[in-house]
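K.L.:
Please see the structure below; I have some questions.
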Amino acid sequence: MSGLMPKPLSAREKQVLYELVRCPSDTDKNISDRTGLKLSTITAIRHRLKAKGVFHNIRIPCPQAIGAELMAVNYSVYKATASVESRLKTGKKFAKSHKEVFWALNEYVQSVGLHFSKNYTDISSNITELEEYYTVNGYLGEEGIHLLIFPFEMVDIPYFFDFSPLLAQSFGIIEDPRKKQEKIPNGCAKSNNGDNQLSETGRLVYYSLVKHPDLTDTELSEKISVSQRTITKLRKEFEERGLMKSAIIPDLEKLGFKMLVFDHARLNMKLDQARQDRILESLIGIKPPIMLLIGHSDVVALTAYEDFETYRRSINCFSEIYKHENIFIKEPRRLMFSLTEMEMIKDHVYAPWVARILNLDEGTI
């Protein structure tokens, strides 16, 4: 992660950044109309924050729409006596060679990885390969690698790297509950009815939009030799059909955040669904996660904290609620990462997996 900004964001910069993150596809004119700030101010702030690396643009593919059945999460705690340098080298090689991994981070004795996978066999064989290598080399403790499977047919994803609630809380912005954005592209947690077959040009444009989210349609046209009109038409179609979505990812470290916390909990299945939902909503209200997966019995969350004191206060509130309500069968497993010490192995790298699943040669584009 990069260093902190030389000075905090101004009130206007916070407001504009929040609006950009909440509605990444909005024009500067729309944001100006909504906030009352001048159009020139919006544009100037957007360019200034982008130039400083405060945020970057991505496009998130809808995995199930193009052939994935599940999302998987793996996390591990390693032996403190093992060679960190050697293990990180292996972890980087694994993440790079296994295109299903789109997000992964490592710290000295722990790691987390996120995957989109075509089926259970693919993800299981990948993790088994890594676990065997880590075990032979003495990296893993007794627990091995934890692998959690979330079939899209059976998972609720209310937050998928959605930073707007977090920024609203941190910036003191009151969110309008009527203006909730899509958390993940349409259809990702729904059944695929088989009508998302793409033409040869459609596959090329889809992949290129994911790989080059910062390019305009005109710039992309020049790069892949497809007309700008076709790219614009297909892009709008993909977005309207929920086959992909644009997102803006803020640099948390530059915004002054210090910690990223991974939680894995097992739900108490004796509680009815309505009560589970009510309790989870209360927990989310304490500190909004940036990612939340709710499976049949497993819950996974990624949450950012400004500092350790904020983390401690939030965890105390969390514990008071879930222990009183008995929503989890045991204490959640928690890994804490320092934003200054952790290493991002992959940060929303979707294009290699999209190329593979669409049978494209990514090296030629």
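Letters for chains follow the order of the structure tokens (A, B, ...), residue numbers begin at 1 for each chain, and ligand numbers begin at 1 in the order shown.
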From the DSSP assignment of the backbone, select every residue of stretch 37-108 of chain A that is strand (DSSP E or B), and format the answer as a PDB file with N, CA and C atoms, in the first residue's frame.

P.N.:
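Saved the output as part07.pdb:
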ATOM      1  N   PHE A  55      -8.232   7.008  -5.429  1.00  0.00           N
ATOM      2  CA  PHE A  55      -9.134   5.938  -5.850  1.00  0.00           C
ATOM      3  C   PHE A  55      -8.710   5.418  -7.217  1.00  0.00           C
ATOM      4  N   HIS A  56      -9.198   4.236  -7.568  1.00  0.00           N
ATOM      5  CA  HIS A  56      -9.012   3.728  -8.922  1.00  0.00           C
ATOM      6  C   HIS A  56     -10.297   3.067  -9.391  1.00  0.00           C
ATOM      7  N   ASN A  57     -10.465   3.047 -10.695  1.00  0.00           N
ATOM      8  CA  ASN A  57     -11.680   2.498 -11.303  1.00  0.00           C
ATOM      9  C   ASN A  57     -11.501   1.031 -11.641  1.00  0.00           C
ATOM     10  N   ILE A  58     -12.558   0.263 -11.492  1.00  0.00           N
ATOM     11  CA  ILE A  58     -12.558  -1.130 -11.921  1.00  0.00           C
ATOM     12  C   ILE A  58     -13.910  -1.440 -12.565  1.00  0.00           C
ATOM     13  N   ARG A  59     -13.960  -2.535 -13.295  1.00  0.00           N
ATOM     14  CA  ARG A  59     -15.232  -3.102 -13.726  1.00  0.00           C
ATOM     15  C   ARG A  59     -15.310  -4.519 -13.186  1.00  0.00           C
ATOM     16  N   ILE A  60     -16.423  -4.818 -12.540  1.00  0.00           N
ATOM     17  CA  ILE A  60     -16.619  -6.124 -11.919  1.00  0.00           C
ATOM     18  C   ILE A  60     -17.498  -6.967 -12.833  1.00  0.00           C
ATOM     19  N   PRO A  61     -16.989  -8.113 -13.291  1.00  0.00           N
ATOM     20  CA  PRO A  61     -17.831  -8.986 -14.109  1.00  0.00           C
ATOM     21  C   PRO A  61     -18.851  -9.703 -13.243  1.00  0.00           C
ATOM     22  N   LEU A  70     -19.706 -20.523  -8.336  1.00  0.00           N
ATOM     23  CA  LEU A  70     -19.499 -20.223  -6.921  1.00  0.00           C
ATOM     24  C   LEU A  70     -18.403 -19.195  -6.713  1.00  0.00           C
ATOM     25  N   MET A  71     -18.434 -18.629  -5.530  1.00  0.00           N
ATOM     26  CA  MET A  71     -17.339 -17.807  -5.029  1.00  0.00           C
ATOM     27  C   MET A  71     -16.721 -18.555  -3.868  1.00  0.00           C
ATOM     28  N   ALA A  72     -15.407 -18.499  -3.767  1.00  0.00           N
ATOM     29  CA  ALA A  72     -14.713 -19.205  -2.689  1.00  0.00           C
ATOM     30  C   ALA A  72     -13.816 -18.238  -1.932  1.00  0.00           C
ATOM     31  N   VAL A  73     -13.639 -18.529  -0.650  1.00  0.00           N
ATOM     32  CA  VAL A  73     -12.769 -17.739   0.221  1.00  0.00           C
ATOM     33  C   VAL A  73     -11.800 -18.700   0.898  1.00  0.00           C
ATOM     34  N   ASN A  74     -10.525 -18.397   0.838  1.00  0.00           N
ATOM     35  CA  ASN A  74      -9.571 -19.190   1.614  1.00  0.00           C
ATOM     36  C   ASN A  74      -8.799 -18.274   2.555  1.00  0.00           C
ATOM     37  N   TYR A  75      -8.515 -18.774   3.741  1.00  0.00           N
ATOM     38  CA  TYR A  75      -7.674 -18.016   4.665  1.00  0.00           C
ATOM     39  C   TYR A  75      -6.807 -18.974   5.462  1.00  0.00           C
ATOM     40  N   SER A  76      -5.648 -18.484   5.879  1.00  0.00           N
ATOM     41  CA  SER A  76      -4.670 -19.337   6.558  1.00  0.00           C
ATOM     42  C   SER A  76      -3.910 -18.547   7.609  1.00  0.00           C
ATOM     43  N   VAL A  77      -3.485 -19.278   8.641  1.00  0.00           N
ATOM     44  CA  VAL A  77      -2.542 -18.753   9.626  1.00  0.00           C
ATOM     45  C   VAL A  77      -1.322 -19.662   9.582  1.00  0.00           C
ATOM     46  N   TYR A  78      -0.146 -19.066   9.402  1.00  0.00           N
ATOM     47  CA  TYR A  78       1.064 -19.842   9.179  1.00  0.00           C
ATOM     48  C   TYR A  78       1.935 -19.913  10.430  1.00  0.00           C
ATOM     49  N   VAL A 101      -8.248 -16.590  -8.795  1.00  0.00           N
ATOM     50  CA  VAL A 101      -7.983 -15.677  -7.676  1.00  0.00           C
ATOM     51  C   VAL A 101      -8.041 -14.244  -8.191  1.00  0.00           C
ATOM     52  N   PHE A 102      -8.986 -13.441  -7.672  1.00  0.00           N
ATOM     53  CA  PHE A 102      -9.074 -12.051  -8.131  1.00  0.00           C
ATOM     54  C   PHE A 102      -8.679 -11.050  -7.052  1.00  0.00           C
ATOM     55  N   TRP A 103      -8.565 -11.497  -5.820  1.00  0.00           N
ATOM     56  CA  TRP A 103      -8.195 -10.584  -4.723  1.00  0.00           C
ATOM     57  C   TRP A 103      -7.477 -11.412  -3.676  1.00  0.00           C
ATOM     58  N   ALA A 104      -6.285 -10.969  -3.269  1.00  0.00           N
ATOM     59  CA  ALA A 104      -5.524 -11.740  -2.277  1.00  0.00           C
ATOM     60  C   ALA A 104      -4.568 -10.815  -1.547  1.00  0.00           C
ATOM     61  N   LEU A 105      -4.438 -11.046  -0.243  1.00  0.00           N
ATOM     62  CA  LEU A 105      -3.477 -10.274   0.538  1.00  0.00           C
ATOM     63  C   LEU A 105      -2.735 -11.194   1.491  1.00  0.00           C
ATOM     64  N   ASN A 106      -1.521 -10.792   1.801  1.00  0.00           N
ATOM     65  CA  ASN A 106      -0.654 -11.539   2.708  1.00  0.00           C
ATOM     66  C   ASN A 106      -0.080 -10.610   3.753  1.00  0.00           C
ATOM     67  N   GLU A 107       0.122 -11.174   4.937  1.00  0.00           N
ATOM     68  CA  GLU A 107       0.909 -10.510   5.950  1.00  0.00           C
ATOM     69  C   GLU A 107       1.822 -11.587   6.526  1.00  0.00           C
TER      70      GLU A 107
END

K.L.:
Skip stretch 260-263 of chain A itself and residues of its chain fewer than 6 positions away, then list as an MDAnalysis selection string all residues within 7 Å of it, counting only C-alpha atoms.

P.N.:
chainID A and resid 300:305 332:339

K.L.:
Keeping only N, CA and C atoms, write those residues as a PDB file, in the first residue's frame.

P.N.:
ATOM      1  N   VAL A 300     -18.908 -14.322   6.061  1.00  0.00           N
ATOM      2  CA  VAL A 300     -17.568 -13.759   5.905  1.00  0.00           C
ATOM      3  C   VAL A 300     -17.697 -12.254   5.712  1.00  0.00           C
ATOM      4  N   ALA A 301     -16.836 -11.503   6.384  1.00  0.00           N
ATOM      5  CA  ALA A 301     -16.867 -10.041   6.257  1.00  0.00           C
ATOM      6  C   ALA A 301     -15.457  -9.484   6.191  1.00  0.00           C
ATOM      7  N   LEU A 302     -15.310  -8.410   5.418  1.00  0.00           N
ATOM      8  CA  LEU A 302     -14.100  -7.594   5.418  1.00  0.00           C
ATOM      9  C   LEU A 302     -14.505  -6.209   5.888  1.00  0.00           C
ATOM     10  N   THR A 303     -13.812  -5.698   6.906  1.00  0.00           N
ATOM     11  CA  THR A 303     -14.177  -4.410   7.487  1.00  0.00           C
ATOM     12  C   THR A 303     -12.921  -3.578   7.703  1.00  0.00           C
ATOM     13  N   ALA A 304     -12.990  -2.294   7.377  1.00  0.00           N
ATOM     14  CA  ALA A 304     -11.858  -1.388   7.556  1.00  0.00           C
ATOM     15  C   ALA A 304     -12.086  -0.506   8.780  1.00  0.00           C
ATOM     16  N   TYR A 305     -11.007  -0.200   9.476  1.00  0.00           N
ATOM     17  CA  TYR A 305     -11.075   0.626  10.683  1.00  0.00           C
ATOM     18  C   TYR A 305     -10.040   1.736  10.613  1.00  0.00           C
ATOM     19  N   PRO A 332     -16.369 -15.700  16.411  1.00  0.00           N
ATOM     20  CA  PRO A 332     -15.874 -15.605  15.027  1.00  0.00           C
ATOM     21  C   PRO A 332     -14.359 -15.688  14.954  1.00  0.00           C
ATOM     22  N   ARG A 333     -13.878 -16.287  13.870  1.00  0.00           N
ATOM     23  CA  ARG A 333     -12.439 -16.312  13.610  1.00  0.00           C
ATOM     24  C   ARG A 333     -12.065 -14.987  12.978  1.00  0.00           C
ATOM     25  N   ARG A 334     -11.036 -14.340  13.505  1.00  0.00           N
ATOM     26  CA  ARG A 334     -10.728 -12.978  13.083  1.00  0.00           C
ATOM     27  C   ARG A 334      -9.244 -12.845  12.756  1.00  0.00           C
ATOM     28  N   LEU A 335      -8.946 -12.289  11.576  1.00  0.00           N
ATOM     29  CA  LEU A 335      -7.579 -11.973  11.182  1.00  0.00           C
ATOM     30  C   LEU A 335      -7.473 -10.468  11.006  1.00  0.00           C
ATOM     31  N   MET A 336      -6.505  -9.855  11.650  1.00  0.00           N
ATOM     32  CA  MET A 336      -6.319  -8.408  11.576  1.00  0.00           C
ATOM     33  C   MET A 336      -5.092  -8.087  10.728  1.00  0.00           C
ATOM     34  N   PHE A 337      -5.269  -7.214   9.735  1.00  0.00           N
ATOM     35  CA  PHE A 337      -4.186  -6.833   8.841  1.00  0.00           C
ATOM     36  C   PHE A 337      -3.898  -5.344   8.980  1.00  0.00           C
ATOM     37  N   SER A 338      -2.623  -5.011   9.054  1.00  0.00           N
ATOM     38  CA  SER A 338      -2.209  -3.610   9.055  1.00  0.00           C
ATOM     39  C   SER A 338      -2.107  -3.135   7.612  1.00  0.00           C
ATOM     40  N   LEU A 339      -2.758  -2.032   7.283  1.00  0.00           N
ATOM     41  CA  LEU A 339      -2.721  -1.526   5.919  1.00  0.00           C
ATOM     42  C   LEU A 339      -1.317  -1.102   5.506  1.00  0.00           C
TER      43      LEU A 339
END

K.L.:
Using the chain letters and numbers from this document, which residues of stretch 28-65 of chain A does DSSP assign to alpha helix (DSSP H), as a list of chain:residue names?

P.N.:
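In stretch 28-65 of chain A, DSSP puts these residues in alpha helix (DSSP H): A:Asp28, A:Lys29, A:Asn30, A:Ile31, A:Ser32, A:Asp33, A:Arg34, A:Thr35, A:Leu39, A:Ser40, A:Thr41, A:Ile42, A:Thr43, A:Ala44, A:Ile45, A:Arg46, A:His47, A:Arg48, A:Leu49, A:Lys50, A:Ala51.
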
K.L.:
Find the residue from A:Val299, A:Ile345, A:Ile149, A:Val16 that sits nearest to A:Ser97; use only C-alpha atoms when measuring.

P.N.:
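With only C-alpha atoms as the atom set, the closest residue is A:Ile345.
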
K.L.:
For stretch 33-45 of chain A, please output as a PyMOL selection string all residues within 10 Å (counting only C-alpha atoms; exclusion window: fewer than 3 positions along the same chain).

P.N.:
chain A and resi 12-17+19-20+27-30+48-51

K.L.:
Which residue, A:Ser10, A:Thr121, A:Thr128, A:Thr201, has the smallest gap to A:Leu358 when you use only C-alpha atoms?

P.N.:
A:Thr201

K.L.:
Which is closest to A:Gly141 among A:His264, A:Arg87, A:Lys79, A:Arg313, if we use only C-alpha atoms?

P.N.:
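Among A:His264, A:Arg87, A:Lys79, A:Arg313, it is A:Lys79 that comes nearest to A:Gly141.
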
K.L.:
Residues near A:Asn326, anyone? I mean within 10 Å using only C-alpha atoms, not counting same-chain ones fewer than 3 positions away, as a list in words.

P.N.:
Leu267, Asn268, Lys270, Leu271, Gln276, Ile279, Glu320, Ile321, Tyr322, Lys323, Ile329 and Lys330 of chain A

K.L.:
Keeping C-alpha atoms for every residue in the selection just given, could you write it to a file as a CSV table (one decimal), in the first residue's frame?

P.N.:
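What ended up in result.csv:
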chain,number,residue,atom,x,y,z
A,267,LEU,CA,-24.5,-19.0,12.1
A,268,ASN,CA,-26.6,-20.6,14.7
A,270,LYS,CA,-31.6,-22.7,15.4
A,271,LEU,CA,-32.5,-19.1,14.9
A,276,GLN,CA,-30.9,-13.7,11.8
A,279,ILE,CA,-29.3,-9.2,14.3
A,320,GLU,CA,-22.2,-7.6,23.2
A,321,ILE,CA,-24.8,-8.1,20.5
A,322,TYR,CA,-23.9,-11.5,19.1
A,323,LYS,CA,-23.3,-13.0,22.4
A,329,ILE,CA,-22.3,-21.0,17.3
A,330,LYS,CA,-18.8,-19.9,18.5

K.L.:
Would you please work out which residue, of A:Gly295, A:Gly242, A:Gly256, A:Pro24, is nearest to A:Ile157 when using only C-alpha atoms?

P.N.:
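Of A:Gly295, A:Gly242, A:Gly256, A:Pro24, the one nearest A:Ile157 is A:Gly295, counting only C-alpha atoms.
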
K.L.:
Please compute the atom CA of A:Leu234-atom CA of A:Lys118 distance, one decimal, in Å.

P.N.:
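Atom CA of A:Lys118 lies at a distance of 24.1 Å from atom CA of A:Leu234.
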
K.L.:
I'd like to know which of A:Glu175, A:Glu253, A:Glu331, A:Asp361 is closest to A:Tyr207, using only C-alpha atoms.

P.N.:
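Counting only C-alpha atoms, the residue closest to A:Tyr207 is A:Asp361.
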
K.L.:
Restricting the calculation to only C-alpha atoms, which member of A:Phe257, A:Tyr134, A:Phe163, A:Phe116 is positioned closest to A:Glu306?

P.N.:
A:Phe257

K.L.:
What lies within 9 Å of stretch 220-224 of chain A using only C-alpha atoms, ignoring chain neighbours under 5 positions off, as a PyMOL selection string?

P.N.:
chain A and resi 204-205+208-209+212+215+229-231+365

K.L.:
Put those residues in a file: C-alpha atoms, as a short mmCIF file (atom, residue, chain, number, x, y, z; two decimals), in the first residue's frame.

P.N.:
data_model
loop_
_atom_site.label_atom_id
_atom_site.label_comp_id
_atom_site.auth_asym_id
_atom_site.auth_seq_id
_atom_site.Cartn_x
_atom_site.Cartn_y
_atom_site.Cartn_z
CA LEU A 204 -13.79 -9.43 -26.94
CA VAL A 205 -15.50 -6.22 -25.84
CA SER A 208 -11.55 -5.54 -22.83
CA LEU A 209 -13.95 -3.45 -20.74
CA HIS A 212 -9.17 -1.55 -19.27
CA LEU A 215 -10.21 3.78 -21.13
CA ARG A 229 -20.41 2.75 -31.59
CA THR A 230 -20.35 -1.03 -31.11
CA ILE A 231 -18.39 -0.75 -27.85
CA ILE A 365 -5.25 -7.74 -26.28
#

K.L.:
Mind giving me the straight-line distance from atom CA of A:Arg312 to atom CA of A:Glu325 in Å, one decimal?

P.N.:
19.9 Å

K.L.:
What gap, in Å, lies between atom CA of A:Pro213 and atom CA of A:Glu100?

P.N.:
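These atoms are spaced 19.2 Å apart.
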